[in-house]
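Shown below: entry_20.cif, with mmCIF, C-alpha atoms, pLDDT in the B column; chains and numbers go by the auth columns.
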```cif
data_query
loop_
_atom_site.group_PDB
_atom_site.id
_atom_site.type_symbol
_atom_site.label_atom_id
_atom_site.label_comp_id
_atom_site.label_asym_id
_atom_site.label_seq_id
_atom_site.Cartn_x
_atom_site.Cartn_y
_atom_site.Cartn_z
_atom_site.B_iso_or_equiv
_atom_site.auth_seq_id
_atom_site.auth_asym_id
ATOM 1 C CA GLN A 1 0.000 0.000 0.000 66.00 143 W
ATOM 2 C CA LYS A 2 3.013 2.276 0.224 81.00 144 W
ATOM 3 C CA GLY A 3 2.764 5.031 -2.355 91.00 145 W
ATOM 4 C CA THR A 4 -0.966 4.488 -2.805 96.00 146 W
ATOM 5 C CA VAL A 5 -3.274 7.501 -2.759 98.00 147 W
ATOM 6 C CA ALA A 6 -6.971 8.277 -3.188 98.00 148 W
ATOM 7 C CA LEU A 7 -7.891 11.235 -5.424 97.00 149 W
ATOM 8 C CA SER A 8 -11.379 12.690 -5.077 96.00 150 W
ATOM 9 C CA TYR A 9 -12.764 15.188 -7.592 93.00 151 W
ATOM 10 C CA GLY A 10 -15.939 17.059 -6.646 89.00 152 W
ATOM 11 C CA ILE A 11 -16.214 17.362 -2.872 88.00 153 W
ATOM 12 C CA GLU A 12 -19.106 19.716 -2.205 86.00 154 W
ATOM 13 C CA GLN A 13 -20.074 19.958 1.499 90.00 155 W
ATOM 14 C CA ARG A 14 -18.825 16.504 2.511 91.00 156 W
ATOM 15 C CA ASP A 15 -16.984 13.697 0.788 93.00 157 W
ATOM 16 C CA MET A 16 -17.974 10.377 2.325 93.00 158 W
ATOM 17 C CA TRP A 17 -15.838 8.506 -0.219 96.00 159 W
ATOM 18 C CA SER A 18 -12.579 10.131 0.889 96.00 160 W
ATOM 19 C CA GLU A 19 -13.500 9.679 4.556 96.00 161 W
ATOM 20 C CA LYS A 20 -14.064 5.976 3.914 96.00 162 W
ATOM 21 C CA MET A 21 -10.761 5.655 2.024 97.00 163 W
ATOM 22 C CA SER A 22 -8.991 7.339 4.946 97.00 164 W
ATOM 23 C CA ASN A 23 -10.722 5.626 7.836 97.00 165 W
ATOM 24 C CA ARG A 24 -11.423 2.136 6.528 96.00 166 W
ATOM 25 C CA PHE A 25 -8.572 1.580 4.073 96.00 167 W
ATOM 26 C CA HIS A 26 -6.045 3.915 5.762 96.00 168 W
ATOM 27 C CA LEU A 27 -5.080 5.769 2.603 97.00 169 W
ATOM 28 C CA PRO A 28 -3.986 9.388 2.281 97.00 170 W
ATOM 29 C CA THR A 29 -6.514 11.362 0.275 98.00 171 W
ATOM 30 C CA ARG A 30 -6.356 14.428 -1.938 98.00 172 W
ATOM 31 C CA LEU A 31 -9.580 16.374 -2.368 97.00 173 W
ATOM 32 C CA TYR A 32 -10.211 18.674 -5.338 95.00 174 W
ATOM 33 C CA ASP A 33 -13.073 21.129 -5.809 93.00 175 W
ATOM 34 C CA CYS A 34 -12.942 24.660 -7.204 89.00 176 W
ATOM 35 C CA PHE A 35 -16.672 25.372 -7.094 89.00 177 W
ATOM 36 C CA ILE A 36 -17.757 24.922 -3.465 90.00 178 W
ATOM 37 C CA PRO A 37 -17.056 27.998 -1.317 93.00 179 W
ATOM 38 C CA PRO A 38 -14.651 26.905 1.457 93.00 180 W
ATOM 39 C CA GLU A 39 -16.983 28.205 4.171 94.00 181 W
ATOM 40 C CA GLU A 40 -19.596 25.678 2.959 94.00 182 W
ATOM 41 C CA SER A 41 -17.253 22.673 2.979 94.00 183 W
ATOM 42 C CA VAL A 42 -15.543 21.447 6.133 94.00 184 W
ATOM 43 C CA PRO A 43 -12.927 19.349 4.291 94.00 185 W
ATOM 44 C CA ILE A 44 -12.145 21.918 1.573 94.00 186 W
ATOM 45 C CA SER A 45 -11.660 24.610 4.211 94.00 187 W
ATOM 46 C CA GLY A 46 -9.358 22.302 6.207 93.00 188 W
ATOM 47 C CA ARG A 47 -11.617 22.268 9.275 94.00 189 W
ATOM 48 C CA ALA A 48 -12.204 18.484 9.348 95.00 190 W
ATOM 49 C CA PRO A 49 -10.184 16.584 11.963 94.00 191 W
ATOM 50 C CA ASN A 50 -7.148 15.537 9.919 95.00 192 W
ATOM 51 C CA GLY A 51 -4.713 12.704 10.562 94.00 193 W
ATOM 52 C CA THR A 52 -6.230 11.738 13.918 94.00 194 W
ATOM 53 C CA GLY A 53 -4.745 8.236 13.872 95.00 195 W
ATOM 54 C CA ARG A 54 -6.184 4.783 13.388 94.00 196 W
ATOM 55 C CA GLY A 55 -9.528 4.258 15.107 94.00 197 W
ATOM 56 C CA ARG A 56 -9.832 7.840 16.302 94.00 198 W
ATOM 57 C CA CYS A 57 -12.754 8.741 14.018 95.00 199 W
ATOM 58 C CA GLU A 58 -15.010 5.875 15.104 91.00 200 W
ATOM 59 C CA ARG A 59 -16.938 7.970 17.624 89.00 201 W
ATOM 60 C CA VAL A 60 -16.759 11.273 15.788 91.00 202 W
ATOM 61 C CA PRO A 61 -20.254 12.088 14.445 88.00 203 W
ATOM 62 C CA GLY A 62 -19.147 14.400 11.630 89.00 204 W
ATOM 63 C CA HIS A 63 -16.260 14.844 9.250 94.00 205 W
ATOM 64 C CA CYS A 64 -13.071 13.065 10.315 96.00 206 W
ATOM 65 C CA TYR A 65 -9.954 11.683 8.615 97.00 207 W
ATOM 66 C CA GLU A 66 -7.729 9.174 10.405 97.00 208 W
ATOM 67 C CA VAL A 67 -5.080 9.410 7.678 97.00 209 W
ATOM 68 C CA PRO A 68 -4.111 12.941 6.613 96.00 210 W
ATOM 69 C CA TYR A 69 -5.906 14.508 3.675 97.00 211 W
ATOM 70 C CA GLN A 70 -4.947 17.465 1.517 97.00 212 W
ATOM 71 C CA ALA A 71 -7.599 19.765 0.073 96.00 213 W
ATOM 72 C CA TYR A 72 -7.161 21.848 -3.058 96.00 214 W
ATOM 73 C CA ARG A 73 -9.303 24.596 -4.596 95.00 215 W
ATOM 74 C CA ILE A 74 -8.572 23.068 -7.991 94.00 216 W
ATOM 75 C CA CYS A 75 -10.849 21.391 -10.507 88.00 217 W
ATOM 76 C CA PHE A 76 -9.777 19.090 -13.237 84.00 218 W
ATOM 77 C CA GLY A 77 -10.322 19.529 -16.877 87.00 219 W
ATOM 78 C CA PRO A 78 -8.826 18.717 -20.255 87.00 220 W
ATOM 79 C CA ARG A 79 -5.938 21.175 -19.834 90.00 221 W
ATOM 80 C CA LYS A 80 -4.134 23.184 -17.178 94.00 222 W
ATOM 81 C CA GLU A 81 -5.598 26.666 -17.150 94.00 223 W
ATOM 82 C CA THR A 82 -7.282 29.333 -15.096 94.00 224 W
ATOM 83 C CA LYS A 83 -10.726 30.192 -16.362 91.00 225 W
ATOM 84 C CA ASP A 84 -13.199 32.577 -14.733 91.00 226 W
ATOM 85 C CA GLY A 85 -10.928 32.690 -11.676 93.00 227 W
ATOM 86 C CA ARG A 86 -10.895 28.894 -11.234 92.00 228 W
ATOM 87 C CA ARG A 87 -7.787 26.740 -11.512 94.00 229 W
ATOM 88 C CA TYR A 88 -7.977 23.580 -13.604 92.00 230 W
ATOM 89 C CA GLU A 89 -5.422 20.792 -13.784 94.00 231 W
ATOM 90 C CA THR A 90 -5.337 17.569 -15.761 92.00 232 W
ATOM 91 C CA LEU A 91 -5.827 14.051 -14.497 93.00 233 W
ATOM 92 C CA GLN A 92 -2.611 13.170 -16.326 94.00 234 W
ATOM 93 C CA SER A 93 -0.679 15.663 -14.187 95.00 235 W
ATOM 94 C CA HIS A 94 -2.153 14.149 -11.012 96.00 236 W
ATOM 95 C CA LEU A 95 -1.227 10.635 -12.169 96.00 237 W
ATOM 96 C CA ALA A 96 2.305 11.631 -13.245 95.00 238 W
ATOM 97 C CA GLY A 97 4.905 9.482 -11.530 95.00 239 W
ATOM 98 C CA ARG A 98 2.299 7.159 -10.009 97.00 240 W
ATOM 99 C CA GLY A 99 2.900 3.423 -10.113 96.00 241 W
ATOM 100 C CA ARG A 100 0.755 0.660 -11.523 96.00 242 W
ATOM 101 C CA LEU A 101 -2.594 0.345 -9.667 97.00 243 W
ATOM 102 C CA SER A 102 -1.423 2.912 -7.098 98.00 244 W
ATOM 103 C CA THR A 103 -4.311 5.347 -7.342 98.00 245 W
ATOM 104 C CA TYR A 104 -7.950 5.165 -6.331 98.00 246 W
ATOM 105 C CA VAL A 105 -10.044 7.794 -8.123 97.00 247 W
ATOM 106 C CA LYS A 106 -13.524 9.190 -7.435 95.00 248 W
ATOM 107 C CA ILE A 107 -15.072 11.613 -9.917 91.00 249 W
ATOM 108 C CA ASP A 108 -18.311 13.567 -9.679 84.00 250 W
ATOM 109 C CA THR A 109 -18.830 13.715 -13.463 63.00 251 W
ATOM 110 C CA GLU A 110 -20.711 16.853 -14.433 65.00 252 W
ATOM 111 C CA GLY A 111 -19.082 18.637 -17.320 62.00 253 W
ATOM 112 C CA SER A 112 -15.382 18.992 -18.059 61.00 254 W
ATOM 113 C CA GLU A 113 -14.827 15.480 -16.763 71.00 255 W
ATOM 114 C CA TRP A 114 -16.313 13.928 -19.915 75.00 256 W
ATOM 115 C CA THR A 115 -13.367 15.113 -21.994 80.00 257 W
ATOM 116 C CA VAL A 116 -10.985 13.978 -19.248 84.00 258 W
ATOM 117 C CA LEU A 117 -12.552 10.504 -19.299 84.00 259 W
ATOM 118 C CA GLU A 118 -12.299 10.322 -23.100 85.00 260 W
ATOM 119 C CA ARG A 119 -8.594 11.115 -22.880 87.00 261 W
ATOM 120 C CA LEU A 120 -8.094 8.557 -20.123 90.00 262 W
ATOM 121 C CA LEU A 121 -9.594 5.845 -22.349 89.00 263 W
ATOM 122 C CA GLU A 122 -7.052 6.766 -25.033 91.00 264 W
ATOM 123 C CA SER A 123 -4.129 6.155 -22.645 93.00 265 W
ATOM 124 C CA PRO A 124 -3.586 2.580 -21.434 94.00 266 W
ATOM 125 C CA GLU A 125 -0.527 3.814 -19.506 96.00 267 W
ATOM 126 C CA GLU A 126 -2.652 6.214 -17.458 95.00 268 W
ATOM 127 C CA MET A 127 -5.460 3.689 -16.958 95.00 269 W
ATOM 128 C CA ASP A 128 -2.873 1.220 -15.642 97.00 270 W
ATOM 129 C CA LYS A 129 -2.182 3.556 -12.703 97.00 271 W
ATOM 130 C CA ILE A 130 -5.813 3.517 -11.519 97.00 272 W
ATOM 131 C CA ARG A 131 -6.883 0.698 -9.212 97.00 273 W
ATOM 132 C CA THR A 132 -10.547 1.758 -9.008 96.00 274 W
ATOM 133 C CA LEU A 133 -12.584 4.496 -10.655 93.00 275 W
ATOM 134 C CA ASP A 134 -15.728 5.409 -8.716 92.00 276 W
ATOM 135 C CA MET A 135 -18.069 7.828 -10.422 87.00 277 W
ATOM 136 C CA GLU A 136 -21.142 9.890 -9.750 82.00 278 W
ATOM 137 C CA VAL A 137 -22.520 10.558 -13.207 72.00 279 W
ATOM 138 C CA HIS A 138 -24.612 13.510 -14.383 64.00 280 W
ATOM 139 C CA PHE A 139 -25.518 13.210 -18.051 57.00 281 W
ATOM 140 C CA ASP A 140 -25.683 16.137 -20.452 54.00 282 W
ATOM 141 C CA MET A 141 -24.144 18.703 -18.145 52.00 283 W
ATOM 142 C CA ARG A 142 -21.531 20.934 -19.733 52.00 284 W
ATOM 143 C CA THR A 143 -19.176 23.444 -18.205 46.00 285 W
ATOM 144 C CA HIS A 144 -17.095 26.178 -19.735 42.00 286 W
ATOM 145 C CA SER A 145 -13.921 24.128 -19.210 42.00 287 W
ATOM 146 C CA ASP A 146 -15.154 21.202 -21.301 49.00 288 W
ATOM 147 C CA GLU A 147 -12.964 20.930 -24.350 49.00 289 W
ATOM 148 C CA GLY A 148 -15.526 18.903 -26.247 48.00 290 W
ATOM 149 C CA GLN A 149 -16.149 21.747 -28.691 46.00 291 W
ATOM 150 C CA ALA A 150 -18.060 19.272 -30.813 47.00 292 W
ATOM 151 C CA GLU A 151 -20.450 18.818 -27.885 46.00 293 W
ATOM 152 C CA GLY A 152 -21.794 22.304 -28.555 52.00 294 W
ATOM 153 C CA ARG A 153 -22.528 21.367 -32.170 59.00 295 W
ATOM 154 C CA ARG A 154 -24.116 18.022 -31.321 61.00 296 W
ATOM 155 C CA SER A 155 -27.784 17.544 -30.720 70.00 297 W
ATOM 156 C CA GLN A 156 -28.757 16.783 -27.153 64.00 298 W
ATOM 157 C CA ARG A 157 -29.333 13.151 -28.119 66.00 299 W
ATOM 158 C CA GLU A 158 -25.914 12.866 -29.812 70.00 300 W
ATOM 159 C CA ALA A 159 -24.212 14.386 -26.772 63.00 301 W
ATOM 160 C CA LEU A 160 -25.958 11.935 -24.448 57.00 302 W
ATOM 161 C CA GLU A 161 -25.050 8.994 -26.698 65.00 303 W
ATOM 162 C CA ALA A 162 -21.405 10.116 -26.673 64.00 304 W
ATOM 163 C CA GLN A 163 -21.401 10.290 -22.870 62.00 305 W
ATOM 164 C CA VAL A 164 -22.952 6.831 -22.541 62.00 306 W
ATOM 165 C CA SER A 165 -20.364 5.394 -24.947 66.00 307 W
ATOM 166 C CA ILE A 166 -17.574 6.736 -22.733 61.00 308 W
ATOM 167 C CA ILE A 167 -18.996 4.866 -19.752 60.00 309 W
ATOM 168 C CA GLU A 168 -19.507 1.669 -21.737 58.00 310 W
#
```
Serialized structure, structure tokens:
Amino acid sequence: QKGTVALSYGIEQRDMWSEKMSNRFHLPTRLYDCFIPPEESVPISGRAPNGTGRGRCERVPGHCYEVPYQAYRICFGPRKETKDGRRYETLQSHLAGRGRLSTYVKIDTEGSEWTVLERLLESPEEMDKIRTLDMEVHFDMRTHSDEGQAEGRRSQREALEAQVSIIE
């Protein structure tokens, strides 16, 4: 398990997935969300108990991480950029230097992530680094960071079919 990490994209107010990865599987977690205001998210603001030690979150009713987590006001998209005051980084940059099956990934898929997932499917080397890919999927949502320029020219049905084919 040495060198293994859990990456969570899309935290919102609470991220039960990263808490579980920390407390049950004893993995360090990195949390990414550039949309939620920090005052509305205990983990993004750094207010969650962090690195409490094994078994120390069992009786804590709210947010708690036994293994240290790091929170970033960064979203991920198809390229590294700052757009409308938000920082975006690529999944490839977060997987750089990672070993085979060393990374657990959770994605709340709403917009820019569709292009990221398409690129991931094109790279067996990057896919080889991911042990599990957990997803919360929202179909036909687009954000300004989504590189799928063709998405804007597709009919709603074509866009939905493209998104389903990525998942398949």
Practice task
Would you kindly translate the PyMOL selection byres ((chain W and resi 228) around 10) into the concrete residues it picks from this file, as an NGL selection string?
Solution key: :W and (175-177 or 215-217 or 223-227 or 229-230 or 287)
Handout entry: Proximity to Ser265 in chain W - best of W:Ser244, W:Val147, W:Ala213, W:Leu233, all atoms listed in the file
Key =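 Result for the nearest residue to Ser265 in chain W: W:Leu233.
Counting all atoms listed in the file and comparing W:Pro203, W:Phe218, W:Arg189, W:Pro170, the residue that lies closest to Thr245 in chain W is W:Pro170.
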Exercise for the section: Check which residues satisfy the PyMOL selection byres ((chain W and resi 163) around 12) in the file shown, then give them as a PyMOL selection string. Expected result: chain W and resi 146-150+157-162+164-173+206-211+245-248+274+276
Fill in the blank from the handout: Of W:Ile153, W:Leu259, W:Ile249, W:Val202, the one sitting nearest Glu278 in chain W when using all atoms listed in the file is W:Ile249
Handout entry: Two-atom distance - CA of Gly241 in chain W, CA of Lys271 in chain W (Å)
Key = 5.7 Å
Exercise for the section: Starting from the displayed file, determine the output of the PyMOL selection byres ((chain W and resi 261) around 12) and express the residue list as a VMD selection string. Expected result: chain W and resid 219 to 221 232 to 234 254 to 260 262 to 269 289 to 290 308
Preceding selection exported with C-alpha atoms as a CSV table (one decimal), keeping the file's coordinate frame:
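Result file is again_19.csv:
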```csv
chain,number,residue,atom,x,y,z
W,219,GLY,CA,-10.3,19.5,-16.9
W,220,PRO,CA,-8.8,18.7,-20.3
W,221,ARG,CA,-5.9,21.2,-19.8
W,232,THR,CA,-5.3,17.6,-15.8
W,233,LEU,CA,-5.8,14.1,-14.5
W,234,GLN,CA,-2.6,13.2,-16.3
W,254,SER,CA,-15.4,19.0,-18.1
W,255,GLU,CA,-14.8,15.5,-16.8
W,256,TRP,CA,-16.3,13.9,-19.9
W,257,THR,CA,-13.4,15.1,-22.0
W,258,VAL,CA,-11.0,14.0,-19.2
W,259,LEU,CA,-12.6,10.5,-19.3
W,260,GLU,CA,-12.3,10.3,-23.1
W,262,LEU,CA,-8.1,8.6,-20.1
W,263,LEU,CA,-9.6,5.8,-22.3
W,264,GLU,CA,-7.1,6.8,-25.0
W,265,SER,CA,-4.1,6.2,-22.6
W,266,PRO,CA,-3.6,2.6,-21.4
W,267,GLU,CA,-0.5,3.8,-19.5
W,268,GLU,CA,-2.7,6.2,-17.5
W,269,MET,CA,-5.5,3.7,-17.0
W,289,GLU,CA,-13.0,20.9,-24.4
W,290,GLY,CA,-15.5,18.9,-26.2
W,308,ILE,CA,-17.6,6.7,-22.7
```
Please produce range 222-257 of chain W, completed to N, CA and C atoms, as a PDB file, in the coordinates of the input.
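Dumped to result-v1.pdb:
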```pdb
ATOM      1  N   LYS W 222      -4.466  22.310 -18.299  1.00 94.00           N
ATOM      2  CA  LYS W 222      -4.134  23.184 -17.178  1.00 94.00           C
ATOM      3  C   LYS W 222      -4.412  24.616 -17.611  1.00 94.00           C
ATOM      4  N   GLU W 223      -5.255  25.287 -16.820  1.00 94.00           N
ATOM      5  CA  GLU W 223      -5.598  26.666 -17.150  1.00 94.00           C
ATOM      6  C   GLU W 223      -6.304  27.302 -15.960  1.00 94.00           C
ATOM      7  N   THR W 224      -6.430  28.601 -16.024  1.00 94.00           N
ATOM      8  CA  THR W 224      -7.282  29.333 -15.096  1.00 94.00           C
ATOM      9  C   THR W 224      -8.367  29.970 -15.942  1.00 94.00           C
ATOM     10  N   LYS W 225      -9.604  29.684 -15.580  1.00 91.00           N
ATOM     11  CA  LYS W 225     -10.726  30.192 -16.362  1.00 91.00           C
ATOM     12  C   LYS W 225     -11.772  30.713 -15.396  1.00 91.00           C
ATOM     13  N   ASP W 226     -12.211  31.938 -15.607  1.00 91.00           N
ATOM     14  CA  ASP W 226     -13.199  32.577 -14.733  1.00 91.00           C
ATOM     15  C   ASP W 226     -12.766  32.519 -13.270  1.00 91.00           C
ATOM     16  N   GLY W 227     -11.461  32.671 -13.035  1.00 93.00           N
ATOM     17  CA  GLY W 227     -10.928  32.690 -11.676  1.00 93.00           C
ATOM     18  C   GLY W 227     -10.757  31.318 -11.037  1.00 93.00           C
ATOM     19  N   ARG W 228     -11.029  30.254 -11.773  1.00 92.00           N
ATOM     20  CA  ARG W 228     -10.895  28.894 -11.234  1.00 92.00           C
ATOM     21  C   ARG W 228      -9.697  28.199 -11.871  1.00 92.00           C
ATOM     22  N   ARG W 229      -8.939  27.495 -11.025  1.00 94.00           N
ATOM     23  CA  ARG W 229      -7.787  26.740 -11.512  1.00 94.00           C
ATOM     24  C   ARG W 229      -8.214  25.337 -11.927  1.00 94.00           C
ATOM     25  N   TYR W 230      -7.741  24.926 -13.089  1.00 92.00           N
ATOM     26  CA  TYR W 230      -7.977  23.580 -13.604  1.00 92.00           C
ATOM     27  C   TYR W 230      -6.636  22.896 -13.816  1.00 92.00           C
ATOM     28  N   GLU W 231      -6.589  21.613 -13.502  1.00 94.00           N
ATOM     29  CA  GLU W 231      -5.422  20.792 -13.784  1.00 94.00           C
ATOM     30  C   GLU W 231      -5.900  19.515 -14.453  1.00 94.00           C
ATOM     31  N   THR W 232      -4.970  18.783 -15.041  1.00 92.00           N
ATOM     32  CA  THR W 232      -5.337  17.569 -15.761  1.00 92.00           C
ATOM     33  C   THR W 232      -5.194  16.338 -14.876  1.00 92.00           C
ATOM     34  N   LEU W 233      -5.973  15.328 -15.183  1.00 93.00           N
ATOM     35  CA  LEU W 233      -5.827  14.051 -14.497  1.00 93.00           C
ATOM     36  C   LEU W 233      -4.438  13.486 -14.767  1.00 93.00           C
ATOM     37  N   GLN W 234      -3.944  13.658 -15.983  1.00 94.00           N
ATOM     38  CA  GLN W 234      -2.611  13.170 -16.326  1.00 94.00           C
ATOM     39  C   GLN W 234      -1.558  13.767 -15.403  1.00 94.00           C
ATOM     40  N   SER W 235      -1.672  15.049 -15.079  1.00 95.00           N
ATOM     41  CA  SER W 235      -0.679  15.663 -14.187  1.00 95.00           C
ATOM     42  C   SER W 235      -0.785  15.093 -12.778  1.00 95.00           C
ATOM     43  N   HIS W 236      -1.980  14.722 -12.346  1.00 96.00           N
ATOM     44  CA  HIS W 236      -2.153  14.149 -11.012  1.00 96.00           C
ATOM     45  C   HIS W 236      -1.701  12.690 -10.962  1.00 96.00           C
ATOM     46  N   LEU W 237      -1.691  12.025 -12.107  1.00 96.00           N
ATOM     47  CA  LEU W 237      -1.227  10.635 -12.169  1.00 96.00           C
ATOM     48  C   LEU W 237       0.260  10.531 -12.501  1.00 96.00           C
ATOM     49  N   ALA W 238       0.891  11.643 -12.859  1.00 95.00           N
ATOM     50  CA  ALA W 238       2.305  11.631 -13.245  1.00 95.00           C
ATOM     51  C   ALA W 238       3.157  11.041 -12.123  1.00 95.00           C
ATOM     52  N   GLY W 239       4.002  10.099 -12.490  1.00 95.00           N
ATOM     53  CA  GLY W 239       4.905   9.482 -11.530  1.00 95.00           C
ATOM     54  C   GLY W 239       4.274   8.406 -10.662  1.00 95.00           C
ATOM     55  N   ARG W 240       2.996   8.176 -10.809  1.00 97.00           N
ATOM     56  CA  ARG W 240       2.299   7.159 -10.009  1.00 97.00           C
ATOM     57  C   ARG W 240       2.596   5.778 -10.578  1.00 97.00           C
ATOM     58  N   GLY W 241       2.641   4.794  -9.700  1.00 96.00           N
ATOM     59  CA  GLY W 241       2.900   3.423 -10.113  1.00 96.00           C
ATOM     60  C   GLY W 241       1.643   2.707 -10.564  1.00 96.00           C
ATOM     61  N   ARG W 242       1.854   1.504 -11.051  1.00 96.00           N
ATOM     62  CA  ARG W 242       0.755   0.660 -11.523  1.00 96.00           C
ATOM     63  C   ARG W 242      -0.216   0.378 -10.379  1.00 96.00           C
ATOM     64  N   LEU W 243      -1.504   0.602 -10.622  1.00 97.00           N
ATOM     65  CA  LEU W 243      -2.594   0.345  -9.667  1.00 97.00           C
ATOM     66  C   LEU W 243      -2.387   1.048  -8.322  1.00 97.00           C
ATOM     67  N   SER W 244      -1.755   2.205  -8.341  1.00 98.00           N
ATOM     68  CA  SER W 244      -1.423   2.912  -7.098  1.00 98.00           C
ATOM     69  C   SER W 244      -2.421   3.994  -6.717  1.00 98.00           C
ATOM     70  N   THR W 245      -3.447   4.196  -7.544  1.00 98.00           N
ATOM     71  CA  THR W 245      -4.311   5.347  -7.342  1.00 98.00           C
ATOM     72  C   THR W 245      -5.784   4.954  -7.406  1.00 98.00           C
ATOM     73  N   TYR W 246      -6.498   5.309  -6.362  1.00 98.00           N
ATOM     74  CA  TYR W 246      -7.950   5.165  -6.331  1.00 98.00           C
ATOM     75  C   TYR W 246      -8.517   6.521  -6.741  1.00 98.00           C
ATOM     76  N   VAL W 247      -9.512   6.532  -7.611  1.00 97.00           N
ATOM     77  CA  VAL W 247     -10.044   7.794  -8.123  1.00 97.00           C
ATOM     78  C   VAL W 247     -11.560   7.806  -7.981  1.00 97.00           C
ATOM     79  N   LYS W 248     -12.078   8.946  -7.487  1.00 95.00           N
ATOM     80  CA  LYS W 248     -13.524   9.190  -7.435  1.00 95.00           C
ATOM     81  C   LYS W 248     -13.789  10.482  -8.184  1.00 95.00           C
ATOM     82  N   ILE W 249     -14.745  10.437  -9.115  1.00 91.00           N
ATOM     83  CA  ILE W 249     -15.072  11.613  -9.917  1.00 91.00           C
ATOM     84  C   ILE W 249     -16.573  11.866  -9.862  1.00 91.00           C
ATOM     85  N   ASP W 250     -16.930  13.103  -9.547  1.00 84.00           N
ATOM     86  CA  ASP W 250     -18.311  13.567  -9.679  1.00 84.00           C
ATOM     87  C   ASP W 250     -18.383  14.156 -11.089  1.00 84.00           C
ATOM     88  N   THR W 251     -18.895  13.387 -12.042  1.00 63.00           N
ATOM     89  CA  THR W 251     -18.830  13.715 -13.463  1.00 63.00           C
ATOM     90  C   THR W 251     -19.982  14.618 -13.869  1.00 63.00           C
ATOM     91  N   GLU W 252     -19.663  15.892 -14.104  1.00 65.00           N
ATOM     92  CA  GLU W 252     -20.711  16.853 -14.433  1.00 65.00           C
ATOM     93  C   GLU W 252     -20.499  17.559 -15.755  1.00 65.00           C
ATOM     94  N   GLY W 253     -19.280  17.860 -16.106  1.00 62.00           N
ATOM     95  CA  GLY W 253     -19.082  18.637 -17.320  1.00 62.00           C
ATOM     96  C   GLY W 253     -17.730  18.382 -17.937  1.00 62.00           C
ATOM     97  N   SER W 254     -16.712  19.094 -17.471  1.00 61.00           N
ATOM     98  CA  SER W 254     -15.382  18.992 -18.059  1.00 61.00           C
ATOM     99  C   SER W 254     -14.816  17.588 -17.929  1.00 61.00           C
ATOM    100  N   GLU W 255     -15.346  16.821 -16.993  1.00 71.00           N
ATOM    101  CA  GLU W 255     -14.827  15.480 -16.763  1.00 71.00           C
ATOM    102  C   GLU W 255     -15.064  14.541 -17.944  1.00 71.00           C
ATOM    103  N   TRP W 256     -16.060  14.811 -18.773  1.00 75.00           N
ATOM    104  CA  TRP W 256     -16.313  13.928 -19.915  1.00 75.00           C
ATOM    105  C   TRP W 256     -15.112  13.905 -20.851  1.00 75.00           C
ATOM    106  N   THR W 257     -14.548  15.056 -21.137  1.00 80.00           N
ATOM    107  CA  THR W 257     -13.367  15.113 -21.994  1.00 80.00           C
ATOM    108  C   THR W 257     -12.196  14.434 -21.313  1.00 80.00           C
TER     109      THR W 257
END
```
